[in-house]
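Visitor: Data: run_18.cif, mmCIF, C-alpha atoms and all ligand atoms.
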```
data_data
loop_
_atom_site.label_atom_id
_atom_site.label_comp_id
_atom_site.auth_asym_id
_atom_site.auth_seq_id
_atom_site.Cartn_x
_atom_site.Cartn_y
_atom_site.Cartn_z
CA MET A 1 81.32 105.30 93.14
CA GLU A 2 81.06 105.31 89.33
CA ARG A 3 83.96 103.12 88.33
CA ARG A 4 83.66 102.92 84.60
CA ASP A 5 85.43 106.16 83.90
CA PHE A 6 88.70 106.03 85.72
CA PHE A 7 89.91 109.26 84.21
CA LYS A 8 87.02 111.25 85.52
CA LYS A 9 87.79 110.00 89.00
CA SER A 10 91.46 110.81 88.53
CA LEU A 11 90.60 114.41 87.85
CA ALA A 12 88.30 114.52 90.82
CA ALA A 13 91.01 113.12 93.03
CA ALA A 14 93.43 115.79 91.93
CA GLY A 15 90.82 118.51 92.47
CA ALA A 16 89.15 119.98 95.49
CA VAL A 17 87.06 116.95 96.43
CA SER A 18 89.75 114.79 97.95
CA LEU A 19 92.69 117.14 98.26
CA ALA A 20 92.08 117.83 101.93
CA GLY A 21 92.03 114.13 102.75
CA SER A 22 95.16 113.49 100.73
CA LEU A 23 97.10 116.27 102.41
CA GLU A 24 96.11 114.99 105.79
CA ALA A 25 97.26 111.49 104.87
CA ALA A 26 100.55 112.92 103.66
CA THR A 27 101.34 114.48 106.99
CA THR A 28 100.01 111.77 109.30
CA GLY A 29 100.69 108.65 107.18
CA GLN A 30 103.33 106.13 108.25
CA PRO A 31 106.52 105.96 106.23
CA ILE A 32 107.79 102.48 105.45
CA ASP A 33 111.49 102.19 106.20
CA GLY A 34 111.88 105.92 105.79
CA ARG A 35 109.58 106.35 102.79
CA LYS A 36 106.63 108.66 103.08
CA VAL A 37 103.24 108.21 101.52
CA SER A 38 102.71 110.67 98.69
CA LYS A 39 100.59 113.81 98.70
CA ILE A 40 98.30 112.65 95.93
CA SER A 41 96.06 109.63 95.87
CA PHE A 42 94.59 107.61 93.02
CA PRO A 43 90.89 106.84 92.66
CA GLU A 44 89.71 104.20 95.15
CA LYS A 45 93.10 104.41 96.89
CA ARG A 46 94.20 106.34 99.90
CA ALA A 47 97.60 108.06 99.82
CA LEU A 48 100.27 105.36 99.44
CA ILE A 49 104.02 105.30 98.81
CA THR A 50 104.23 106.23 95.11
CA TYR A 51 107.09 105.17 92.87
CA SER A 52 105.51 106.24 89.61
CA ASP A 53 102.14 107.48 88.43
CA ARG A 54 102.50 106.19 84.85
CA PRO A 55 102.19 103.32 85.25
CA PRO A 56 100.82 103.53 88.79
CA LEU A 57 103.24 101.89 91.23
CA LEU A 58 101.95 102.16 94.77
CA GLU A 59 103.21 100.52 97.94
CA SER A 60 101.41 100.01 101.23
CA PRO A 61 103.02 101.53 104.33
CA ARG A 62 104.17 99.23 107.14
CA SER A 63 101.15 100.06 109.31
CA THR A 64 98.97 98.22 106.75
CA PHE A 65 100.41 94.93 107.99
CA SER A 66 98.92 95.07 111.44
CA SER A 67 95.67 93.73 110.00
CA VAL A 68 95.15 90.32 108.43
CA LEU A 69 92.92 91.41 105.55
CA THR A 70 94.31 94.31 103.56
CA PRO A 71 91.71 97.02 102.92
CA ASN A 72 91.16 97.52 99.19
CA ASP A 73 92.11 101.17 99.32
CA GLU A 74 95.44 100.33 101.00
CA PHE A 75 96.30 97.46 98.66
CA PHE A 76 99.51 97.99 96.63
CA VAL A 77 99.42 98.49 92.87
CA ARG A 78 101.78 97.39 90.12
CA TRP A 79 101.39 97.79 86.35
CA HIS A 80 104.02 97.31 83.68
CA MET A 81 102.59 99.37 80.84
CA PRO A 82 102.27 103.14 80.98
CA GLU A 83 99.00 102.87 79.07
CA ILE A 84 96.23 101.19 80.97
CA PRO A 85 92.66 101.61 79.79
CA THR A 86 90.93 104.48 81.52
CA TYR A 87 87.45 103.31 80.61
CA ILE A 88 85.81 99.91 80.78
CA ASP A 89 82.32 99.25 79.53
CA THR A 90 81.08 96.77 82.10
CA GLU A 91 78.19 95.61 79.90
CA ALA A 92 80.30 95.03 76.82
CA PHE A 93 83.22 93.46 78.66
CA ARG A 94 83.98 89.84 77.68
CA ILE A 95 86.60 87.25 78.47
CA ASN A 96 87.39 85.51 75.20
CA VAL A 97 88.55 81.92 75.32
CA SER A 98 90.10 80.50 72.15
CA GLY A 99 92.87 78.32 70.76
CA LEU A 100 92.90 74.57 71.32
CA VAL A 101 89.33 74.38 72.58
CA ASN A 102 86.27 72.65 71.17
CA LYS A 103 84.18 75.81 71.45
CA ASP A 104 85.34 79.44 71.64
CA LEU A 105 83.77 81.26 74.55
CA SER A 106 82.88 84.89 75.08
CA VAL A 107 82.03 85.24 78.76
CA SER A 108 80.35 88.38 80.09
CA LEU A 109 80.47 89.47 83.72
CA LYS A 110 76.83 88.47 84.00
CA ASP A 111 77.59 84.96 82.66
CA LEU A 112 80.47 84.66 85.08
CA LYS A 113 78.24 85.45 88.05
CA ALA A 114 75.20 83.45 86.92
CA ASP A 115 76.39 80.41 84.97
CA TYR A 116 79.26 79.10 87.07
CA GLU A 117 79.76 77.87 90.60
CA GLN A 118 80.90 80.83 92.72
CA VAL A 119 83.92 80.22 94.93
CA THR A 120 85.93 82.30 97.38
CA VAL A 121 89.50 82.02 98.59
CA THR A 122 91.54 84.22 100.90
CA ALA A 123 95.02 84.51 99.45
CA VAL A 124 98.15 86.62 99.67
CA LEU A 125 99.11 88.56 96.56
CA GLN A 126 102.82 89.37 96.66
CA CYS A 127 105.06 90.75 93.92
CA GLY A 128 108.14 88.59 93.35
CA GLY A 129 110.19 91.77 93.75
CA ASN A 130 108.68 92.66 97.13
CA SER A 131 111.42 93.79 99.60
CA ARG A 132 113.88 94.14 96.71
CA SER A 133 115.49 97.20 98.35
CA ALA A 134 116.79 94.89 101.11
CA PHE A 135 119.26 93.24 98.71
CA THR A 136 122.92 94.33 98.75
CA PRO A 137 124.32 95.01 96.26
CA THR A 138 121.30 96.65 94.69
CA ALA A 139 119.29 94.36 92.41
CA GLY A 140 117.63 95.76 89.30
CA GLY A 141 113.98 96.80 89.39
CA ILE A 142 111.60 98.89 91.47
CA GLN A 143 113.18 99.35 94.88
CA TRP A 144 110.16 98.15 96.82
CA GLY A 145 110.17 98.13 100.59
CA SER A 146 108.08 95.25 101.90
CA GLY A 147 104.68 96.71 101.09
CA ALA A 148 104.27 95.14 97.63
CA MET A 149 101.95 92.54 99.11
CA GLY A 150 98.44 92.25 100.48
CA ASN A 151 95.87 89.68 101.57
CA ALA A 152 92.28 89.61 100.37
CA THR A 153 89.25 87.36 100.11
CA TRP A 154 88.71 86.84 96.40
CA LYS A 155 85.43 85.74 94.85
CA GLY A 156 85.01 84.40 91.37
CA VAL A 157 84.84 81.17 89.40
CA ARG A 158 87.33 78.38 88.90
CA LEU A 159 89.47 78.76 85.82
CA ARG A 160 89.08 75.00 85.39
CA ASP A 161 85.30 75.36 85.12
CA ILE A 162 85.65 77.92 82.34
CA LEU A 163 88.11 75.73 80.45
CA GLU A 164 85.87 72.73 80.93
CA ARG A 165 82.98 74.64 79.41
CA ALA A 166 85.14 75.45 76.37
CA GLY A 167 86.44 71.87 76.22
CA LEU A 168 90.20 71.41 75.92
CA LYS A 169 91.51 69.66 72.82
CA LYS A 170 93.78 66.65 73.36
CA ASP A 171 97.02 68.47 72.59
CA ALA A 172 96.24 71.48 74.81
CA GLU A 173 99.13 72.19 77.14
CA TRP A 174 99.67 75.89 77.82
CA ILE A 175 97.16 78.56 78.74
CA GLY A 176 98.01 82.15 77.86
CA PHE A 177 96.41 85.08 79.73
CA ASN A 178 96.26 88.60 78.42
CA GLY A 179 95.13 91.74 80.20
CA MET A 180 93.56 94.79 78.58
CA ASP A 181 96.56 96.98 79.31
CA ASN A 182 98.35 96.25 76.07
CA ALA A 183 98.31 95.59 72.38
CA ALA A 184 97.04 92.47 70.62
CA TYR A 185 98.05 88.98 71.62
CA TYR A 186 101.68 88.07 70.88
CA GLU A 187 102.75 91.67 70.39
CA THR A 188 105.62 92.96 72.47
CA PRO A 189 105.79 94.30 75.04
CA SER A 190 102.50 92.80 76.05
CA PHE A 191 101.69 91.67 79.54
CA ILE A 192 100.93 88.04 78.84
CA ARG A 193 101.53 85.14 81.19
CA GLU A 194 101.33 81.45 80.54
CA LEU A 195 100.48 78.59 82.86
CA HIS A 196 101.09 74.96 82.12
CA LEU A 197 98.01 72.77 82.53
CA ASP A 198 99.85 70.90 85.31
CA GLU A 199 99.97 74.11 87.36
CA LEU A 200 96.22 74.43 87.22
CA ASP A 201 94.42 73.32 90.35
CA ASP A 202 90.97 74.09 91.70
CA HIS A 203 92.30 77.05 93.67
CA VAL A 204 93.07 79.09 90.55
CA ILE A 205 90.16 81.45 90.04
CA VAL A 206 89.01 84.23 87.78
CA ALA A 207 88.02 86.77 90.42
CA TYR A 208 85.66 89.73 90.13
CA GLU A 209 85.38 90.57 93.82
CA MET A 210 87.92 91.52 96.48
CA ASN A 211 86.95 91.71 100.15
CA GLY A 212 83.25 91.77 99.26
CA GLU A 213 83.49 94.59 96.70
CA ASP A 214 84.18 94.91 92.98
CA LEU A 215 87.93 94.82 92.33
CA PRO A 216 89.38 98.32 92.55
CA TYR A 217 90.15 99.58 89.07
CA LEU A 218 93.89 99.59 89.71
CA ASN A 219 93.82 96.02 91.05
CA GLY A 220 92.39 94.74 87.79
CA TYR A 221 88.71 95.62 87.46
CA PRO A 222 86.60 93.91 86.26
CA VAL A 223 88.34 90.48 86.60
CA ARG A 224 91.77 89.13 87.39
CA LEU A 225 93.46 85.82 87.82
CA VAL A 226 94.12 84.62 91.38
CA ILE A 227 96.73 81.89 91.80
CA PRO A 228 96.99 81.22 95.55
CA GLY A 229 100.45 80.42 96.90
CA THR A 230 102.37 81.88 93.96
CA TYR A 231 103.98 85.27 93.36
CA SER A 232 101.58 87.66 91.69
CA ASP A 233 103.34 88.28 88.39
CA SER A 234 100.99 85.70 86.85
CA TRP A 235 97.85 87.08 88.47
CA VAL A 236 96.85 88.84 85.25
CA LYS A 237 94.64 91.90 85.82
CA MET A 238 91.84 93.14 83.56
CA LEU A 239 91.90 89.64 82.12
CA SER A 240 90.20 89.66 78.73
CA LYS A 241 91.79 86.88 76.72
CA ILE A 242 92.58 83.24 77.41
CA VAL A 243 94.32 81.36 74.61
CA VAL A 244 95.06 77.65 74.84
CA THR A 245 98.12 76.40 72.94
CA ASN A 246 100.29 73.30 72.78
CA GLU A 247 103.57 75.14 72.74
CA TYR A 248 105.27 77.45 75.16
CA GLN A 249 105.34 80.87 73.48
CA LYS A 250 108.59 82.26 74.95
CA LEU A 251 107.03 85.61 75.69
CA PHE A 252 109.06 88.49 77.10
CA PHE A 253 107.53 88.51 80.54
CA MET A 254 107.79 84.75 80.78
CA ASP A 255 111.28 84.30 79.44
CA VAL A 256 113.20 87.34 80.64
CA ALA A 257 111.48 88.87 83.64
CA TYR A 258 110.51 87.09 86.86
CA ARG A 259 113.20 84.45 86.67
CA ILE A 260 115.81 83.32 89.18
CA PRO A 261 118.98 81.20 88.94
CA ASP A 262 118.10 77.56 88.33
CA ASN A 263 120.49 76.15 90.93
CA GLU A 264 119.83 74.77 94.38
CA CYS A 265 120.61 77.97 96.32
CA GLU A 266 118.80 80.10 93.71
CA CYS A 267 121.82 82.37 93.99
CA GLU A 268 124.42 84.17 91.89
CA THR A 269 126.70 87.20 92.17
CA PRO A 270 126.73 90.42 90.14
CA GLU A 271 130.11 89.34 88.70
CA LYS A 272 129.02 85.82 87.92
CA LYS A 273 125.42 85.47 86.89
CA PHE A 274 124.12 81.94 86.69
CA PRO A 275 123.39 81.13 83.03
CA LYS A 276 120.31 78.94 83.53
CA THR A 277 117.13 80.45 84.98
CA LYS A 278 113.70 79.27 86.08
CA PRO A 279 110.47 81.17 86.74
CA ILE A 280 109.63 82.29 90.26
CA THR A 281 106.52 80.44 91.31
CA LYS A 282 105.78 79.36 94.88
CA MET A 283 106.23 81.92 97.63
CA ASN A 284 108.71 81.27 100.40
CA VAL A 285 108.03 81.67 104.12
CA LYS A 286 107.87 85.27 105.32
CA SER A 287 106.66 87.48 108.16
CA PHE A 288 106.33 91.20 108.47
CA ILE A 289 105.72 93.46 111.45
CA GLY A 290 102.88 96.00 111.14
CA TYR A 291 103.21 97.47 114.62
CA PRO A 292 105.35 98.98 115.97
CA THR A 293 107.15 100.79 113.15
CA ASN A 294 110.53 102.48 113.05
CA GLU A 295 108.80 105.71 114.04
CA THR A 296 107.16 104.36 117.18
CA VAL A 297 108.16 105.88 120.52
CA VAL A 298 107.24 103.91 123.67
CA HIS A 299 107.68 104.37 127.38
CA ASN A 300 110.09 102.22 129.29
CA ASN A 301 108.41 99.39 131.22
CA SER A 302 105.18 99.72 129.25
CA HIS A 303 103.63 96.83 127.35
CA ILE A 304 104.00 96.87 123.58
CA VAL A 305 101.85 94.47 121.59
CA VAL A 306 103.88 93.59 118.50
CA ARG A 307 101.55 92.68 115.62
CA GLY A 308 102.16 91.42 112.13
CA VAL A 309 101.44 88.86 109.44
CA ALA A 310 103.06 85.63 108.27
CA PHE A 311 102.50 83.45 105.20
CA ASP A 312 104.03 81.01 102.73
CA ASP A 313 102.89 79.13 99.63
CA GLY A 314 100.05 77.37 101.42
CA THR A 315 102.20 74.76 103.13
CA GLY A 316 101.08 76.32 106.41
CA ILE A 317 102.62 78.62 109.01
CA THR A 318 103.29 76.79 112.27
CA GLY A 319 104.96 79.55 114.25
CA VAL A 320 106.30 83.07 114.42
CA LYS A 321 109.15 83.87 116.77
CA ILE A 322 110.11 87.27 118.15
CA SER A 323 113.55 88.39 119.26
CA THR A 324 114.50 91.60 121.01
CA ASP A 325 118.18 90.71 121.47
CA ALA A 326 119.42 90.65 117.87
CA GLY A 327 118.38 87.04 117.33
CA LYS A 328 120.16 85.46 120.31
CA THR A 329 116.93 84.26 121.88
CA TRP A 330 113.45 83.86 120.43
CA GLN A 331 109.97 83.80 121.99
CA ASP A 332 106.85 82.32 120.45
CA ALA A 333 104.30 84.83 119.23
CA ILE A 334 100.59 83.96 119.44
CA LEU A 335 99.11 83.04 116.05
CA ASP A 336 95.51 83.72 115.08
CA ASN A 337 93.36 80.63 114.57
CA GLY A 338 93.97 80.37 110.84
CA GLU A 339 90.28 80.33 109.95
CA LEU A 340 90.95 82.21 106.69
CA GLY A 341 92.70 79.17 105.25
CA ARG A 342 96.19 78.16 104.29
CA TYR A 343 96.74 80.77 101.57
CA SER A 344 95.87 83.69 103.85
CA TYR A 345 98.11 85.70 106.15
CA ARG A 346 98.26 84.33 109.67
CA GLY A 347 98.13 87.23 112.08
CA PHE A 348 100.54 87.14 115.03
CA ARG A 349 100.99 89.12 118.21
CA HIS A 350 103.46 89.20 121.02
CA THR A 351 103.60 91.32 124.15
CA PHE A 352 106.97 92.82 124.93
CA LYS A 353 108.00 95.04 127.83
CA PRO A 354 111.19 97.07 127.29
CA ASN A 355 113.25 97.52 130.46
CA GLN A 356 115.86 99.97 129.24
CA GLN A 357 115.77 103.37 127.61
CA GLY A 358 117.25 103.83 124.15
CA LYS A 359 116.75 102.02 120.84
CA VAL A 360 115.44 98.46 120.77
CA THR A 361 115.14 96.28 117.69
CA ILE A 362 112.28 93.79 117.43
CA MET A 363 112.67 90.92 114.95
CA SER A 364 110.13 88.45 113.59
CA LYS A 365 110.77 85.07 112.00
CA ALA A 366 108.14 82.73 110.55
CA ILE A 367 108.40 78.94 110.36
CA ASN A 368 106.22 76.61 108.29
CA ARG A 369 105.01 73.02 108.33
CA ALA A 370 107.89 71.93 106.10
CA GLY A 371 110.32 73.26 108.72
CA GLU A 372 111.39 76.14 106.52
CA GLU A 373 112.16 79.37 108.32
CA GLN A 374 113.22 82.86 107.37
CA PRO A 375 116.98 83.42 107.18
CA PHE A 376 118.68 86.50 108.59
CA ALA A 377 118.45 89.27 106.02
CA ALA A 378 122.18 89.10 105.30
CA ASP A 379 121.91 85.38 104.47
CA VAL A 380 119.20 85.68 101.81
CA PRO A 381 120.69 84.47 98.50
CA TRP A 382 121.25 87.29 96.01
CA ASN A 383 119.84 87.19 92.47
CA HIS A 384 120.09 89.88 89.81
CA GLY A 385 116.34 90.42 89.57
CA GLY A 386 116.01 90.94 93.32
CA TYR A 387 113.28 88.32 93.72
CA LYS A 388 112.02 86.30 96.69
CA PHE A 389 113.61 88.29 99.51
CA ASN A 390 112.34 86.80 102.77
CA GLY A 391 114.85 87.89 105.39
CA ILE A 392 113.85 88.12 109.05
CA ASP A 393 112.00 91.40 109.55
CA ALA A 394 113.17 94.03 112.03
CA VAL A 395 111.88 97.34 113.36
CA THR A 396 113.71 99.64 115.74
CA VAL A 397 111.70 101.70 118.22
CA ASP A 398 112.66 104.45 120.65
CA VAL A 399 112.18 103.64 124.33
CA ILE A 400 111.95 106.82 126.44
N1 LIG B 1 97.30 93.01 83.10
C1 LIG B 1 98.32 93.04 83.97
N2 LIG B 1 98.30 92.18 85.00
C2 LIG B 1 99.30 92.19 85.90
C3 LIG B 1 100.42 93.05 85.77
C4 LIG B 1 100.41 93.96 84.67
O1 LIG B 1 101.32 94.77 84.46
N3 LIG B 1 99.34 93.92 83.79
N4 LIG B 1 101.43 93.00 86.68
C5 LIG B 1 101.55 91.78 87.50
C6 LIG B 1 102.45 91.95 88.64
S1 LIG B 1 104.11 91.81 88.35
C7 LIG B 1 101.97 92.11 89.92
S2 LIG B 1 103.05 92.22 91.21
C8 LIG B 1 100.53 92.14 90.20
C9 LIG B 1 100.15 93.35 91.04
O2 LIG B 1 98.82 93.30 91.39
P1 LIG B 1 98.11 94.54 92.08
O3 LIG B 1 98.38 95.76 91.26
O4 LIG B 1 96.68 94.20 92.18
O5 LIG B 1 98.71 94.69 93.46
O6 LIG B 1 99.74 92.15 89.02
C10 LIG B 1 100.20 91.29 88.00
N5 LIG B 1 99.23 91.30 86.93
MO MO B 2 105.23 91.98 90.34
#
```
As a first step, turn the structure in this file into structure tokens.
Guide:
Amino acid sequence: MERRDFFKKSLAAAGAVSLAGSLEAATTGQPIDGRKVSKISFPEKRALITYSDRPPLLESPRSTFSSVLTPNDEFFVRWHMPEIPTYIDTEAFRINVSGLVNKDLSVSLKDLKADYEQVTVTAVLQCGGNSRSAFTPTAGGIQWGSGAMGNATWKGVRLRDILERAGLKKDAEWIGFNGMDNAAYYETPSFIRELHLDELDDHVIVAYEMNGEDLPYLNGYPVRLVIPGTYSDSWVKMLSKIVVTNEYQKLFFMDVAYRIPDNECECETPEKKFPKTKPITKMNVKSFIGYPTNETVVHNNSHIVVRGVAFDDGTGITGVKISTDAGKTWQDAILDNGELGRYSYRGFRHTFKPNQQGKVTIMSKAINRAGEEQPFAADVPWNHGGYKFNGIDAVTVDVI
């Protein structure tokens, strides 16, 4: 598929070429917690739950989470700016590195693939606001279900290797990242993120490939930042500018958005917001059921294989437990062998045989190496931005 001209593909998608497929997806697709996938689809994407088309805000349906790697065309999409470039000249594209470096760099895609060590990592990309709609009272922001996450194998080069090539000056401390979806550096509202040098480890990569293919346009073609274990607000897409500074720039998206109360419970109330905040960074432990869904109908006394995914910040999932009696008792699910590494989803499955007709609720709870486990949904601390929800997941099926 010709990817350089996104707009052309948009028109094609809205026209006769893919309309039939989209309509079919709209009638057979799985709703997530009552939400249906939309009738239209974006280029390189199948029909997904659509919150907005400008900017594109697309969520994966629950059924996506029965597989450990998220197919690129089912991967959720989040952009902040209504204007994203609709055309990228792959040959002319450069990542510019400047600021407190010994040598400014202008890195082409070809340089990236030829001049640096190539590395891959499988890592979960999750919006900090994923599952926000589960908070009561309502927290501000897009009312995501739990499909604002995905897991992919990313290929690219280490950010550290690029910075090493440029040579950091002694007083270098902060690294600013800017995508192509906005105005010049330091202009507001610009989607710029900053990382402190201390947050930089070898796992942070500048990725140009996702699950063995070029990044889909909407997931940041041609390159994006991948920061395994952390929420994806800093995983800057269409990354074109890296600026090294010695001072924190207090940018809008760093200082206002994506922050939570800086107290031990990370909690506050709508009436009494906590005055001091900190950025959301490391992901907490979470699991999500991909099958069955709330629409599934099963026969009494038949075997249901519950499937889903679990992950954390890379500490390591040690177990997933399943309950079919509202959390009174829990059984161990079987985890996959974890060969995709500690930043990947761990797949889980559990066979369950209902013995009574009517509704039955199936719950999943993940536990990690640090002994952290998911709280009941009602016990998740509330914050005004609706970040970091990780309540125990639940689906209710019909037994006939
Ligand atoms: N350039 C750019 N990068 C961005 C954003 C953006 O608006 N612009 N949004 C961030 C946020 S908040 C999220 S959740 C992820 C979403 O990545 P995805 O669209 O590939 O799922 O991209 C991050 N990187
Ligand atoms: Mo996000």
Visitor: Residues within 7 Å of ligand LIG 1 (chain B) (all atoms listed in the file), as a list in words?
Guide: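 Listed by chain and ascending number, the contacts are Phe75, Phe76, Val77, Arg78, Trp79, His80, Met81, Leu125, Gln126, Cys127, Gly128, Ala148, Met149, Asn178, Gly179, Met180, Asp181, Phe191, Leu218, Asn219, Gly220, Ser232, Asp233, Ser234, Trp235, Val236, Lys237, Met238 and Leu239 of chain A.
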Visitor: Keeping only C-alpha atoms, write those residues as a tab-separated table (two decimals), in the frame of the given file.
Guide:
```tsv
chain	number	residue	atom	x	y	z
A	75	PHE	CA	96.30	97.46	98.66
A	76	PHE	CA	99.51	97.99	96.63
A	77	VAL	CA	99.42	98.49	92.87
A	78	ARG	CA	101.78	97.39	90.12
A	79	TRP	CA	101.39	97.79	86.35
A	80	HIS	CA	104.02	97.31	83.68
A	81	MET	CA	102.59	99.37	80.84
A	125	LEU	CA	99.11	88.56	96.56
A	126	GLN	CA	102.82	89.37	96.66
A	127	CYS	CA	105.06	90.75	93.92
A	128	GLY	CA	108.14	88.59	93.35
A	148	ALA	CA	104.27	95.14	97.63
A	149	MET	CA	101.95	92.54	99.11
A	178	ASN	CA	96.26	88.60	78.42
A	179	GLY	CA	95.13	91.74	80.20
A	180	MET	CA	93.56	94.79	78.58
A	181	ASP	CA	96.56	96.98	79.31
A	191	PHE	CA	101.69	91.67	79.54
A	218	LEU	CA	93.89	99.59	89.71
A	219	ASN	CA	93.82	96.02	91.05
A	220	GLY	CA	92.39	94.74	87.79
A	232	SER	CA	101.58	87.66	91.69
A	233	ASP	CA	103.34	88.28	88.39
A	234	SER	CA	100.99	85.70	86.85
A	235	TRP	CA	97.85	87.08	88.47
A	236	VAL	CA	96.85	88.84	85.25
A	237	LYS	CA	94.64	91.90	85.82
A	238	MET	CA	91.84	93.14	83.56
A	239	LEU	CA	91.90	89.64	82.12
```
Visitor: Enclose the full set of atoms of range 230-242 of chain A listed in the file within a box whose edges lie along x, y and z, apply 4 Å of padding to each of the six sides, and report centre and edge lengths in Å to one decimal as AutoDock Vina command-line options.
Guide:
```
--center_x 97.1 --center_y 87.5 --center_z 85.3 --size_x 21.8 --size_y 19.3 --size_z 25.2
```
Visitor: Measuring atom to atom with all atoms listed in the file, identify which of A:Gly385, A:Glu372, A:Glu74, A:Lys328 is nearest to ligand MO 2 (chain B).
Guide: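 Distance minimum relative to ligand MO 2 (chain B) lands on A:Gly385.
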Visitor: Please report the interatomic distance between CA of Tyr51 in chain A and CA of Lys39 in chain A in Å with one decimal.
Guide: 12.3 Å
Visitor: Can you tell me, as an NGL selection string, what residues are no more than 7 Å from Ile322 in chain A when counting all atoms listed in the file, ignoring any on the same chain fewer than 4 positions away?
Guide: :A and (330-333 or 362-365)
Visitor: Given the choices A:Leu100, A:Ala152, A:Leu225, A:Val320, which gets closest to Asn246 in chain A if the distance is worked out from all atoms listed in the file?
Guide: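 Of A:Leu100, A:Ala152, A:Leu225, A:Val320, the one nearest Asn246 in chain A is A:Leu100, counting all atoms listed in the file.
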Visitor: Kindly indicate which residue among A:Ile400, A:Ala166, A:Ala257, A:Val157 lies nearest to ligand MO 2 (chain B), using only C-alpha atoms and all ligand atoms for the distances.
Guide: A:Ala257
Visitor: What does the structure give for the distance between CA of Cys265 in chain A and CA of Asp312 in chain A, in Å to one decimal?
Guide: 18.0 Å
Visitor: Need the shell around range 284-298 of chain A: protein/DNA/RNA residues with any atom at most 7 Å away, counting only C-alpha atoms. Skip same-chain ones fewer than 2 positions apart. Format as a PyMOL selection string?
Guide: chain A and resi 33+62-66+282+300+306-313+364-368+372-374+390+393+395-400
